[in-house]
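K.L.:
As input, take final_26.tsv (TSV, C-alpha atoms and all ligand atoms):
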```tsv
chain	number	residue	atom	x	y	z
Z	1	MET	CA	-14.46	-76.87	8.63
Z	2	THR	CA	-16.58	-75.09	11.19
Z	3	ASP	CA	-18.54	-71.91	10.52
Z	4	THR	CA	-15.97	-69.92	12.54
Z	5	ASP	CA	-13.17	-71.30	10.37
Z	6	ASP	CA	-15.11	-70.27	7.25
Z	7	LEU	CA	-15.70	-66.79	8.57
Z	8	LYS	CA	-12.09	-66.48	9.66
Z	9	ALA	CA	-10.78	-67.46	6.23
Z	10	HIS	CA	-13.22	-65.06	4.58
Z	11	LEU	CA	-12.35	-62.12	6.84
Z	12	LEU	CA	-8.57	-62.64	6.71
Z	13	ALA	CA	-8.75	-62.75	2.91
Z	14	ALA	CA	-10.81	-59.54	2.87
Z	15	ILE	CA	-8.29	-57.86	5.20
Z	16	GLU	CA	-5.39	-58.91	3.02
Z	17	ALA	CA	-7.19	-57.68	-0.08
Z	18	SER	CA	-7.93	-54.21	1.37
Z	19	ALA	CA	-6.09	-51.78	-0.83
Z	20	SER	CA	-6.69	-48.67	1.25
Z	21	LEU	CA	-7.22	-47.60	4.83
Z	22	ASP	CA	-10.87	-46.85	4.02
Z	23	ALA	CA	-11.44	-50.31	2.56
Z	24	LEU	CA	-9.78	-51.87	5.59
Z	25	ASP	CA	-11.99	-49.89	7.91
Z	26	ALA	CA	-15.06	-51.17	6.07
Z	27	VAL	CA	-13.89	-54.74	6.74
Z	28	ARG	CA	-13.30	-53.88	10.39
Z	29	VAL	CA	-16.84	-52.57	10.77
Z	30	ASP	CA	-18.24	-55.63	8.98
Z	31	ALA	CA	-16.40	-57.91	11.42
Z	32	LEU	CA	-16.03	-56.10	14.71
Z	33	GLY	CA	-18.55	-53.24	14.54
Z	34	LYS	CA	-21.68	-53.19	16.67
Z	35	GLN	CA	-23.57	-55.25	14.11
Z	36	GLY	CA	-20.41	-56.99	12.90
Z	37	ARG	CA	-20.35	-60.68	12.17
Z	38	VAL	CA	-17.76	-61.51	14.85
Z	39	THR	CA	-19.63	-59.34	17.34
Z	40	GLN	CA	-22.84	-61.25	16.55
Z	41	LEU	CA	-21.08	-64.57	17.22
Z	42	LEU	CA	-19.75	-63.27	20.54
Z	43	LYS	CA	-23.29	-62.34	21.52
Z	44	THR	CA	-24.50	-65.93	20.95
Z	45	MET	CA	-22.11	-67.22	23.63
Z	46	GLY	CA	-24.44	-66.30	26.49
Z	47	ALA	CA	-27.08	-68.73	25.24
Z	48	LEU	CA	-24.70	-71.70	24.97
Z	49	SER	CA	-24.61	-74.60	27.42
Z	50	PRO	CA	-21.37	-74.96	29.42
Z	51	GLU	CA	-20.27	-77.90	27.20
Z	52	GLU	CA	-20.94	-76.05	23.98
Z	53	ARG	CA	-19.20	-72.97	25.38
Z	54	LYS	CA	-16.08	-75.01	26.07
Z	55	VAL	CA	-15.85	-75.95	22.41
Z	56	ARG	CA	-17.22	-72.80	20.73
Z	57	GLY	CA	-15.71	-70.28	23.16
Z	58	PRO	CA	-12.05	-70.65	22.18
Z	59	ALA	CA	-12.99	-70.77	18.51
Z	60	ILE	CA	-14.99	-67.54	18.66
Z	61	HIS	CA	-12.42	-65.71	20.80
Z	62	GLY	CA	-9.67	-67.05	18.58
Z	63	LEU	CA	-11.53	-65.66	15.58
Z	64	ARG	CA	-11.75	-62.21	17.19
Z	65	GLU	CA	-8.04	-62.32	18.09
Z	66	ALA	CA	-7.00	-63.33	14.60
Z	67	VAL	CA	-9.16	-60.69	12.91
Z	68	THR	CA	-8.03	-57.90	15.29
Z	69	THR	CA	-4.36	-58.78	14.81
Z	70	ALA	CA	-4.70	-59.07	11.04
Z	71	ILE	CA	-6.42	-55.67	10.83
Z	72	ALA	CA	-3.70	-54.01	12.91
Z	73	ALA	CA	-0.96	-55.54	10.76
Z	74	ARG	CA	-2.64	-54.58	7.49
Z	75	LYS	CA	-3.25	-51.06	8.83
Z	76	ALA	CA	0.46	-50.64	9.62
Z	77	GLU	CA	1.36	-51.88	6.11
Z	78	LEU	CA	-1.05	-49.47	4.43
Z	79	GLU	CA	0.12	-46.51	6.55
Z	80	GLN	CA	3.72	-47.27	5.72
Z	81	ALA	CA	2.88	-47.49	2.02
Z	82	ALA	CA	1.05	-44.15	2.17
Z	83	LEU	CA	4.04	-42.53	3.88
Z	84	ASP	CA	6.45	-44.02	1.32
Z	85	ALA	CA	4.32	-42.69	-1.51
Z	86	GLN	CA	4.21	-39.21	0.04
Z	87	LEU	CA	7.96	-39.18	0.66
Z	88	SER	CA	8.78	-40.19	-2.88
Z	89	SER	CA	6.37	-37.72	-4.46
Z	90	GLU	CA	7.50	-34.84	-2.23
Z	91	ALA	CA	11.18	-35.55	-2.30
Z	92	LEU	CA	13.52	-32.55	-2.51
Z	93	ASP	CA	16.16	-32.78	-5.15
Z	94	MET	CA	19.13	-31.28	-3.37
Z	95	THR	CA	21.17	-31.28	-6.56
Z	96	LEU	CA	18.87	-28.81	-8.39
Z	97	PRO	CA	20.52	-25.43	-9.00
Z	98	VAL	CA	19.16	-22.55	-6.88
Z	99	ASP	CA	16.87	-19.93	-8.42
Z	100	LEU	CA	19.10	-17.03	-9.34
Z	101	THR	CA	16.31	-14.45	-9.92
Z	102	PRO	CA	17.90	-11.25	-8.67
Z	103	PRO	CA	16.07	-9.52	-5.84
Z	104	GLY	CA	14.40	-6.26	-6.91
Z	105	THR	CA	15.28	-2.86	-5.52
Z	106	VAL	CA	13.12	-0.09	-4.13
Z	107	HIS	CA	12.82	2.83	-6.55
Z	108	PRO	CA	14.46	5.98	-5.16
Z	109	VAL	CA	11.15	7.86	-5.48
Z	110	SER	CA	9.39	5.23	-3.33
Z	111	GLN	CA	12.27	5.39	-0.89
Z	112	VAL	CA	11.93	9.18	-0.61
Z	113	MET	CA	8.15	8.88	-0.10
Z	114	ASP	CA	8.84	6.53	2.81
Z	115	GLU	CA	11.40	8.94	4.22
Z	116	LEU	CA	8.91	11.80	3.99
Z	117	ALA	CA	6.27	9.76	5.81
Z	118	GLU	CA	8.84	8.96	8.52
Z	119	ILE	CA	9.97	12.56	8.98
Z	120	PHE	CA	6.47	13.99	9.07
Z	121	ALA	CA	5.16	11.22	11.31
Z	122	ASP	CA	7.75	12.39	13.85
Z	123	LEU	CA	6.18	15.86	13.57
Z	124	GLY	CA	2.66	14.51	14.09
Z	125	PHE	CA	1.51	14.47	10.46
Z	126	ALA	CA	-0.65	11.69	8.99
Z	127	VAL	CA	-0.46	10.59	5.36
Z	128	ALA	CA	-3.57	11.45	3.28
Z	129	THR	CA	-4.42	10.32	-0.23
Z	130	GLY	CA	-6.82	11.29	-3.00
Z	131	PRO	CA	-7.76	10.12	-6.49
Z	132	GLU	CA	-5.49	10.75	-9.48
Z	133	ILE	CA	-8.54	11.29	-11.71
Z	134	GLU	CA	-9.92	14.41	-10.12
Z	135	ASP	CA	-12.90	16.66	-10.77
Z	136	ASP	CA	-12.56	20.27	-11.74
Z	137	TRP	CA	-13.79	21.56	-8.41
Z	138	HIS	CA	-11.23	19.76	-6.26
Z	139	ASN	CA	-8.33	20.36	-8.65
Z	140	PHE	CA	-9.10	24.02	-9.43
Z	141	GLY	CA	-12.36	25.58	-8.24
Z	142	ALA	CA	-12.08	25.00	-4.51
Z	143	LEU	CA	-8.43	26.05	-4.67
Z	144	ASN	CA	-9.52	29.52	-5.76
Z	145	ILE	CA	-8.60	28.94	-9.40
Z	146	PRO	CA	-11.74	30.05	-11.27
Z	147	GLU	CA	-12.17	28.99	-14.88
Z	148	THR	CA	-10.93	32.29	-16.30
Z	149	HIS	CA	-7.84	32.24	-14.13
Z	150	PRO	CA	-4.48	32.25	-15.95
Z	151	ALA	CA	-3.20	29.72	-13.40
Z	152	ARG	CA	-5.17	27.14	-15.33
Z	153	ALA	CA	-2.91	27.76	-18.27
Z	154	MET	CA	0.14	27.57	-15.97
Z	155	GLN	CA	-0.60	23.92	-15.45
Z	156	ASP	CA	-0.94	22.10	-18.76
Z	157	THR	CA	-3.83	19.91	-17.86
Z	158	PHE	CA	-4.81	16.51	-19.25
Z	159	TYR	CA	-8.61	16.59	-19.55
Z	160	ILE	CA	-10.55	13.38	-19.79
Z	161	GLU	CA	-14.16	12.48	-20.57
Z	162	PRO	CA	-16.51	13.26	-17.70
Z	163	LEU	CA	-17.68	10.14	-15.95
Z	164	ALA	CA	-21.33	10.69	-16.85
Z	165	ARG	CA	-20.52	10.77	-20.55
Z	166	SER	CA	-18.21	7.78	-20.57
Z	167	ALA	CA	-20.62	5.83	-18.37
Z	168	GLY	CA	-23.21	6.38	-21.09
Z	169	ASP	CA	-26.01	7.27	-18.72
Z	170	GLY	CA	-27.57	9.61	-21.26
Z	171	GLN	CA	-26.91	12.76	-19.25
Z	172	SER	CA	-26.05	15.59	-21.58
Z	173	PRO	CA	-22.85	17.41	-20.77
Z	174	SER	CA	-23.56	20.22	-23.17
Z	175	SER	CA	-25.78	22.42	-21.01
Z	176	ASP	CA	-22.73	23.89	-19.26
Z	177	GLY	CA	-20.87	24.48	-22.48
Z	178	PRO	CA	-17.54	22.75	-22.19
Z	179	GLY	CA	-18.39	21.98	-18.60
Z	180	LEU	CA	-16.44	24.77	-16.98
Z	181	ALA	CA	-19.27	27.11	-16.04
Z	182	GLY	CA	-19.81	28.16	-12.47
Z	183	ASP	CA	-18.63	25.65	-9.97
Z	184	ALA	CA	-19.41	22.74	-12.24
Z	185	GLY	CA	-17.26	19.89	-11.17
Z	186	ARG	CA	-18.32	20.28	-7.57
Z	187	PRO	CA	-19.12	16.84	-6.21
Z	188	GLY	CA	-22.35	15.85	-7.86
Z	189	ALA	CA	-21.93	18.08	-10.89
Z	190	GLN	CA	-21.47	15.40	-13.50
Z	191	SER	CA	-20.96	17.56	-16.52
Z	192	ALA	CA	-17.51	19.10	-16.03
Z	193	PRO	CA	-14.57	17.35	-17.59
Z	194	MET	CA	-12.48	15.29	-15.24
Z	195	VAL	CA	-8.76	15.96	-15.10
Z	196	LEU	CA	-5.67	13.99	-14.26
Z	197	ARG	CA	-4.80	15.93	-11.15
Z	198	THR	CA	-2.18	18.54	-11.94
Z	199	HIS	CA	-0.97	18.78	-8.36
Z	200	THR	CA	-1.52	17.16	-4.96
Z	201	SER	CA	-3.32	20.28	-3.68
Z	202	PRO	CA	-6.81	18.73	-4.20
Z	203	VAL	CA	-5.98	16.42	-1.28
Z	204	GLN	CA	-6.00	19.57	0.91
Z	205	ILE	CA	-9.59	20.15	-0.20
Z	206	ARG	CA	-10.67	16.56	0.34
Z	207	THR	CA	-9.13	16.52	3.81
Z	208	MET	CA	-10.72	19.81	4.93
Z	209	VAL	CA	-14.13	18.92	3.47
Z	210	GLU	CA	-14.02	15.57	5.25
Z	211	VAL	CA	-12.99	17.10	8.59
Z	212	ALA	CA	-15.59	19.89	8.31
Z	213	LYS	CA	-18.28	17.28	7.60
Z	214	ARG	CA	-17.21	14.99	10.40
Z	215	HIS	CA	-17.03	17.77	12.97
Z	216	ALA	CA	-19.98	19.84	11.71
Z	217	GLY	CA	-17.90	22.81	10.56
Z	218	ALA	CA	-15.33	22.62	13.32
Z	219	GLY	CA	-11.92	22.42	11.70
Z	220	ALA	CA	-10.42	19.98	14.10
Z	221	PRO	CA	-6.67	20.32	13.92
Z	222	ILE	CA	-5.37	18.94	10.62
Z	223	ARG	CA	-1.79	17.91	10.00
Z	224	ILE	CA	-1.30	15.89	6.85
Z	225	ILE	CA	1.10	15.25	4.05
Z	226	ALA	CA	-0.17	13.88	0.75
Z	227	PRO	CA	2.46	12.30	-1.48
Z	228	GLY	CA	1.48	10.99	-4.90
Z	229	ARG	CA	1.50	11.06	-8.67
Z	230	VAL	CA	0.47	14.17	-10.60
Z	231	TYR	CA	0.20	14.81	-14.35
Z	232	ARG	CA	0.90	17.66	-16.76
Z	233	SER	CA	1.21	17.75	-20.51
Z	234	ASP	CA	4.92	18.51	-20.54
Z	235	TRP	CA	7.99	16.62	-21.77
Z	236	ASP	CA	11.59	17.83	-21.86
Z	237	ALA	CA	14.86	17.31	-20.01
Z	238	THR	CA	13.41	18.53	-16.71
Z	239	HIS	CA	9.69	17.67	-17.14
Z	240	THR	CA	7.86	14.37	-17.50
Z	241	PRO	CA	4.07	14.06	-18.05
Z	242	MET	CA	3.81	12.14	-14.78
Z	243	PHE	CA	5.76	13.19	-11.73
Z	244	HIS	CA	5.41	13.18	-7.96
Z	245	GLN	CA	4.56	15.84	-5.43
Z	246	VAL	CA	4.06	15.95	-1.72
Z	247	GLU	CA	1.51	18.33	-0.31
Z	248	GLY	CA	1.54	19.50	3.28
Z	249	LEU	CA	-1.38	21.02	5.16
Z	250	VAL	CA	-1.79	22.26	8.71
Z	251	ILE	CA	-5.08	23.75	9.91
Z	252	ASP	CA	-5.55	24.89	13.48
Z	253	LYS	CA	-6.19	28.02	15.53
Z	254	GLY	CA	-3.53	30.72	15.51
Z	255	ILE	CA	-1.27	29.20	12.87
Z	256	THR	CA	1.27	31.69	11.49
Z	257	LEU	CA	4.00	31.94	8.87
Z	258	ALA	CA	6.49	31.16	11.67
Z	259	HIS	CA	5.00	27.66	12.05
Z	260	LEU	CA	5.40	27.17	8.30
Z	261	LYS	CA	9.02	28.23	8.31
Z	262	TRP	CA	9.94	26.09	11.31
Z	263	THR	CA	8.22	23.04	9.86
Z	264	LEU	CA	9.93	23.38	6.48
Z	265	GLU	CA	13.31	23.97	8.07
Z	266	THR	CA	12.94	20.97	10.38
Z	267	PHE	CA	11.74	18.81	7.50
Z	268	LEU	CA	14.55	19.78	5.11
Z	269	ARG	CA	17.26	19.42	7.76
Z	270	ALA	CA	16.03	15.94	8.63
Z	271	TYR	CA	15.62	15.00	4.97
Z	272	PHE	CA	19.06	16.15	3.84
Z	273	GLU	CA	20.57	14.99	7.13
Z	274	ARG	CA	22.41	18.27	7.64
Z	275	ASP	CA	22.04	20.92	10.33
Z	276	ASP	CA	23.37	23.68	8.09
Z	277	VAL	CA	20.38	23.67	5.73
Z	278	VAL	CA	19.32	27.30	5.29
Z	279	LEU	CA	16.02	28.46	3.78
Z	280	ARG	CA	15.03	31.61	1.98
Z	281	LEU	CA	11.36	32.50	1.60
Z	282	ARG	CA	10.67	34.61	-1.50
Z	283	PRO	CA	7.31	36.34	-1.87
Z	284	SER	CA	5.37	34.70	-4.68
Z	285	TYR	CA	1.86	34.05	-5.89
Z	286	PHE	CA	-0.39	31.00	-5.71
Z	287	PRO	CA	-4.18	31.36	-5.94
Z	288	PHE	CA	-4.73	29.10	-2.92
Z	289	THR	CA	-2.39	30.85	-0.47
Z	290	GLU	CA	-2.10	34.41	0.84
Z	291	PRO	CA	0.62	35.37	1.43
Z	292	SER	CA	2.55	32.94	-0.73
Z	293	ALA	CA	6.22	32.14	-0.72
Z	294	GLU	CA	8.59	30.18	-2.86
Z	295	VAL	CA	11.18	28.44	-0.75
Z	296	ASP	CA	14.81	28.23	-1.78
Z	297	VAL	CA	17.36	26.04	-0.08
Z	298	GLY	CA	20.99	27.09	0.17
Z	299	PHE	CA	23.74	25.02	-1.41
Z	300	SER	CA	27.51	25.10	-1.43
Z	301	ILE	CA	30.04	23.81	-3.91
Z	302	GLU	CA	32.06	20.83	-2.72
Z	303	LYS	CA	34.60	19.32	-5.13
Z	304	GLY	CA	32.93	21.08	-8.01
Z	305	LYS	CA	29.48	19.72	-7.11
Z	306	ARG	CA	26.45	21.41	-5.63
Z	307	VAL	CA	25.74	20.13	-2.12
Z	308	ILE	CA	22.73	21.12	-0.03
Z	309	GLY	CA	23.79	23.13	3.03
Z	310	GLY	CA	25.43	26.51	3.44
Z	311	ALA	CA	24.43	29.51	1.37
Z	312	GLU	CA	26.80	29.93	-1.58
Z	313	GLY	CA	23.83	29.75	-3.88
Z	314	TRP	CA	20.08	29.09	-3.79
Z	315	MET	CA	17.79	26.65	-5.50
Z	316	GLU	CA	14.05	26.59	-5.42
Z	317	VAL	CA	12.56	23.50	-3.77
Z	318	LEU	CA	8.92	24.19	-3.00
Z	319	GLY	CA	5.91	26.50	-2.98
Z	320	SER	CA	4.06	27.42	0.17
Z	321	GLY	CA	1.92	29.95	1.95
Z	322	MET	CA	-0.90	30.61	4.37
Z	323	VAL	CA	-4.06	28.86	3.18
Z	324	HIS	CA	-6.30	31.43	1.47
Z	325	PRO	CA	-9.44	32.20	3.53
Z	326	ARG	CA	-11.53	31.49	0.41
Z	327	VAL	CA	-10.14	27.96	0.25
Z	328	ILE	CA	-10.91	27.38	3.91
Z	329	ALA	CA	-14.45	28.72	3.42
Z	330	ALA	CA	-14.99	26.61	0.27
Z	331	CYS	CA	-14.36	23.52	2.37
Z	332	GLY	CA	-17.00	24.47	4.93
Z	333	LEU	CA	-14.76	25.87	7.68
Z	334	ASP	CA	-14.91	29.37	9.17
Z	335	PRO	CA	-11.72	31.18	8.08
Z	336	ASP	CA	-12.03	33.63	10.99
Z	337	GLU	CA	-11.60	30.71	13.35
Z	338	TRP	CA	-9.30	28.37	11.45
Z	339	GLN	CA	-6.02	29.22	9.78
Z	340	GLY	CA	-3.26	27.20	8.34
Z	341	PHE	CA	-0.33	26.80	6.05
Z	342	ALA	CA	0.27	24.59	3.05
Z	343	PHE	CA	3.17	23.64	0.89
Z	344	GLY	CA	3.78	21.62	-2.25
Z	345	CYS	CA	7.05	20.09	-3.25
Z	346	GLY	CA	8.34	17.98	-6.13
Z	347	ILE	CA	9.40	14.58	-4.79
Z	348	ASP	CA	11.44	13.56	-7.84
Z	349	ARG	CA	13.56	16.64	-7.49
Z	350	LEU	CA	14.05	15.93	-3.78
Z	351	ALA	CA	15.20	12.41	-4.67
Z	352	MET	CA	17.56	13.71	-7.37
Z	353	LEU	CA	19.11	16.25	-5.01
Z	354	LYS	CA	19.65	13.79	-2.18
Z	355	TYR	CA	20.82	10.81	-4.19
Z	356	GLY	CA	22.86	12.57	-6.88
Z	357	ILE	CA	20.61	11.75	-9.85
Z	358	ASP	CA	21.38	14.17	-12.70
Z	359	ASP	CA	18.76	13.38	-15.31
Z	360	LEU	CA	15.01	13.19	-14.64
Z	361	ARG	CA	13.95	11.10	-17.62
Z	362	PRO	CA	15.57	7.75	-16.73
Z	363	VAL	CA	13.85	8.03	-13.34
Z	364	PHE	CA	10.66	6.74	-15.03
Z	365	GLU	CA	12.12	4.54	-17.76
Z	366	ALA	CA	12.17	1.37	-15.64
Z	367	ASP	CA	15.61	0.33	-16.89
Z	368	VAL	CA	16.78	-2.36	-14.48
Z	369	ARG	CA	20.41	-1.23	-14.82
Z	370	TRP	CA	19.43	2.24	-13.62
Z	371	LEU	CA	17.28	0.77	-10.85
Z	372	LYS	CA	20.10	-1.48	-9.75
Z	373	HIS	CA	22.40	1.52	-9.51
Z	374	TYR	CA	20.05	3.91	-7.73
Z	375	GLY	CA	17.65	1.50	-6.03
Z	376	PHE	CA	17.56	0.50	-2.39
Z	377	ALA	CA	17.56	-2.99	-0.90
Z	378	ALA	CA	13.99	-4.09	-0.27
Z	379	LEU	CA	14.50	-4.55	3.44
Z	380	ASP	CA	16.46	-1.34	3.86
Z	381	VAL	CA	13.59	0.47	5.56
Z	382	PRO	CA	14.33	4.15	5.94
Z	383	THR	CA	15.16	5.09	9.46
Z	384	LEU	CA	16.32	8.58	10.16
Z	385	SER	CA	19.41	7.74	12.11
Z	386	GLY	CA	19.36	11.04	13.95
Z	387	GLY	CA	15.60	11.40	13.98
Z	388	VAL	CA	13.89	14.76	13.92
Z	389	GLY	CA	14.09	15.03	17.69
Z	390	THR	CA	17.86	14.66	17.93
Z	391	ALA	CA	18.55	16.78	14.86
Z	392	ALA	CA	16.86	19.77	16.46
C	1	LIG	N1	0.18	23.16	-6.15
C	1	LIG	C1	1.36	23.95	-6.50
C	1	LIG	C2	1.92	23.46	-7.82
C	1	LIG	O1	1.71	22.36	-8.18
C	1	LIG	C3	2.40	23.83	-5.43
C	1	LIG	C4	2.00	24.47	-4.16
C	1	LIG	C5	2.32	25.78	-3.93
C	1	LIG	C6	1.26	23.78	-3.22
C	1	LIG	C7	1.96	26.41	-2.75
C	1	LIG	C8	0.87	24.39	-2.03
C	1	LIG	C9	1.25	25.72	-1.81
C	1	LIG	O2	0.18	23.78	-1.09
C	1	LIG	O3	0.87	26.32	-0.67
C	1	LIG	O4	2.60	24.19	-8.48
```
Would you mind giving the structure from this file in structure tokens?
P.N.:
Amino acid sequence: MTDTDDLKAHLLAAIEASASLDALDAVRVDALGKQGRVTQLLKTMGALSPEERKVRGPAIHGLREAVTTAIAARKAELEQAALDAQLSSEALDMTLPVDLTPPGTVHPVSQVMDELAEIFADLGFAVATGPEIEDDWHNFGALNIPETHPARAMQDTFYIEPLARSAGDGQSPSSDGPGLAGDAGRPGAQSAPMVLRTHTSPVQIRTMVEVAKRHAGAGAPIRIIAPGRVYRSDWDATHTPMFHQVEGLVIDKGITLAHLKWTLETFLRAYFERDDVVLRLRPSYFPFTEPSAEVDVGFSIEKGKRVIGGAEGWMEVLGSGMVHPRVIAACGLDPDEWQGFAFGCGIDRLAMLKYGIDDLRPVFEADVRWLKHYGFAALDVPTLSGGVGTAA
């Protein structure tokens, strides 16, 4: 046996024994790489005499051929084996039963929030948000509800530990008494108790403060709605401790009660999808608006049921008014220059009226049977078929 025969036998055995593509590649480098053993042999050919080359040449080239072919064959085998392994481990069992998890539904309150965003987007309003754990100043003080004001008692507030106290930073909350003195609770005043916001009106404050800051006191036109959760310590057939409101706020130059009325009328007609929605503004009182109005919507009786539209009777749907100059000033805007209107409306009640829900309590009980009945298909994105433009 010649040295080439020895090497050939050795390399072919190594190729056959390679159990993986990586191992095979190591053999390839050892044989045919730059410093490989077969490569080295090929390099010696130049130094051979013509006679020697006649004998050695075919042997060395034959060795290279055999090794190259064997590597290619083994490579194909290993690749096929890898593919077979992948196919068997990833096989789909077509006989398995399908997953019958029922698709969820969109809660009517979420659906209504989406509808509100759609309607008001058509009117040029953006959606604003604020925290549900609010400080005293944003929830009351800046809204012209001083600590002695009876309106505080009107809204049964959930108070919670001030952040400074619960954070345990050693700051004493006691210097302000119970933390309601002056305008404690203003951003930075750590000592006032925090509240679960009792209404969405603090988002008005946050929006105006932000705009006043950004534009150095210039109340750039504001048009926002702020839908969200609010909390009051109340629980009976028509009240739950958590419920939803949507706040509306427009600040600009020369805004009047007429803009408020038109906006509410356009909104409610689009929302209830009826052109015969009639509004009645009743003088009322809110600390943060002057004048203030409660808004009733007319209903009629169809087949013994109340239906929105017409004016056989009235039901109250929201509170509204012209933003009080003190509120505008508290936010850092000049009330002689900037005016506006605001409104606040219960979303759950809007949902109940539109979708025929009689009882408020199951709305938040998360009973899947109720949700299945009143819920909306997940991909049933609200589109206002008529749109605000065509309804007008
Ligand atoms: N914040 C009031 C409430 O929760 C509702 C309200 C009334 C909001 C009049 C307003 C408004 O913005 O102008 O009872």
K.L.:
Skip Ile133 of chain Z itself and residues of its chain fewer than 2 positions away, then list as a PDB file with C-alpha atoms, in the frame of the given file all residues within 8 Å of it, counting all atoms listed in the file.
P.N.:
```
ATOM      1  CA  PRO Z 131      -7.760  10.120  -6.490  1.00  0.00           C
ATOM      2  CA  ASP Z 135     -12.900  16.660 -10.770  1.00  0.00           C
ATOM      3  CA  MET Z 194     -12.480  15.290 -15.240  1.00  0.00           C
ATOM      4  CA  VAL Z 195      -8.760  15.960 -15.100  1.00  0.00           C
ATOM      5  CA  LEU Z 196      -5.670  13.990 -14.260  1.00  0.00           C
ATOM      6  CA  ARG Z 197      -4.800  15.930 -11.150  1.00  0.00           C
TER       7      ARG Z 197
END
```
K.L.:
Residues near His239 of chain Z, anyone? I mean within 12 Å using all atoms listed in the file, not counting same-chain ones fewer than 2 positions away, as JSON, numbers by chain.
P.N.:
{"Z": [156, 230, 231, 232, 233, 234, 235, 236, 237, 241, 242, 243, 244, 346, 348, 349, 359, 360, 361, 362, 363, 364]}
K.L.:
Quick one: pull the distance between atom CA of Ile308 of chain Z and atom CA of Val203 of chain Z, Å, one decimal.
P.N.:
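Interatomic distance here is 29.1 Å.
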K.L.:
Taking all atoms listed in the file into account, name the residue in Z:Val55, Z:Ile145, Z:Ala258, Z:Ala216 that is nearest to ligand LIG 1 (chain C).
P.N.:
Z:Ile145
K.L.:
What is the atom CA of Thr2 of chain Z-atom CA of Ser49 of chain Z distance in Å, reported with one decimal?
P.N.:
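Atom CA of Thr2 of chain Z sits 18.1 Å away from atom CA of Ser49 of chain Z.
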K.L.:
As an exercise, work out the distance from atom CA of Phe267 of chain Z to atom CA of Ile119 of chain Z in Å and give it to one decimal place.
P.N.:
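Those two atoms sit 6.7 Å apart.
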K.L.:
Report as an MDAnalysis selection string all protein, DNA and RNA residues lying within 10 Å of Asp275 of chain Z, evaluated on only C-alpha atoms, omitting residues in the same chain fewer than 3 positions from it.
P.N.:
chainID Z and resid 265:266 268:270 272 278 309:310 391:392
K.L.:
Mind running chain Z against ligand LIG 1 (chain C) at 8 Å and telling me each contacting residue's nearest atom pair with the distance in Å (one decimal), counting only C-alpha atoms and all ligand atoms, chain and number ascending, as a tab-separated table?
P.N.:
```
residue	atom	partner	partner_atom	distance
Z:Gln155	CA	C:LIG1	O4	7.7
Z:Thr198	CA	C:LIG1	O1	6.6
Z:His199	CA	C:LIG1	O1	4.5
Z:Thr200	CA	C:LIG1	N1	6.3
Z:Ser201	CA	C:LIG1	N1	5.2
Z:Gln204	CA	C:LIG1	O2	7.7
Z:Gln245	CA	C:LIG1	O1	7.6
Z:Glu247	CA	C:LIG1	O2	5.7
Z:Gly248	CA	C:LIG1	O2	6.3
Z:Leu249	CA	C:LIG1	O2	7.0
Z:Phe286	CA	C:LIG1	C7	5.9
Z:Phe288	CA	C:LIG1	O3	6.6
Z:Thr289	CA	C:LIG1	O3	5.6
Z:Ser292	CA	C:LIG1	O3	6.8
Z:Ala293	CA	C:LIG1	C7	7.4
Z:Glu294	CA	C:LIG1	C7	7.6
Z:Leu318	CA	C:LIG1	C5	6.9
Z:Gly319	CA	C:LIG1	C5	3.8
Z:Ser320	CA	C:LIG1	O3	3.5
Z:Gly321	CA	C:LIG1	O3	4.6
Z:Met322	CA	C:LIG1	O3	6.9
Z:Val323	CA	C:LIG1	O3	6.8
Z:Phe341	CA	C:LIG1	O3	6.8
Z:Ala342	CA	C:LIG1	O3	4.1
Z:Phe343	CA	C:LIG1	O2	3.6
Z:Gly344	CA	C:LIG1	C6	3.5
Z:Cys345	CA	C:LIG1	C3	6.4
```
K.L.:
List as a list of chain:residue names: which residues have an atom within 12 Å of (-0.5, 29.7, 13.3), counting all atoms listed in the file?
P.N.:
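Residues with an atom at most 12 Å from (-0.5, 29.7, 13.3): Z:Pro221, Z:Leu249, Z:Val250, Z:Ile251, Z:Asp252, Z:Lys253, Z:Gly254, Z:Ile255, Z:Thr256, Z:Leu257, Z:Ala258, Z:His259, Z:Leu260, Z:Lys261, Z:Trp262, Z:Thr263, Z:Gly321, Z:Met322, Z:Val323, Z:Glu337, Z:Trp338, Z:Gln339, Z:Gly340, Z:Phe341, Z:Ala342.
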K.L.:
Choose the residue, out of Z:Leu78, Z:Ile225, Z:Met352, Z:Leu41, that has the smallest atom-to-atom separation from Gln111 of chain Z; count all atoms listed in the file.
P.N.:
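Nearest candidate to Gln111 of chain Z out of Z:Leu78, Z:Ile225, Z:Met352, Z:Leu41: Z:Met352.
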K.L.:
From the list Z:Ala31, Z:Met208, Z:Ala220, Z:Ala366, which residue is nearest Val106 of chain Z when using all atoms listed in the file?
P.N.:
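Among the listed residues, the smallest separation from Val106 of chain Z belongs to Z:Ala366.
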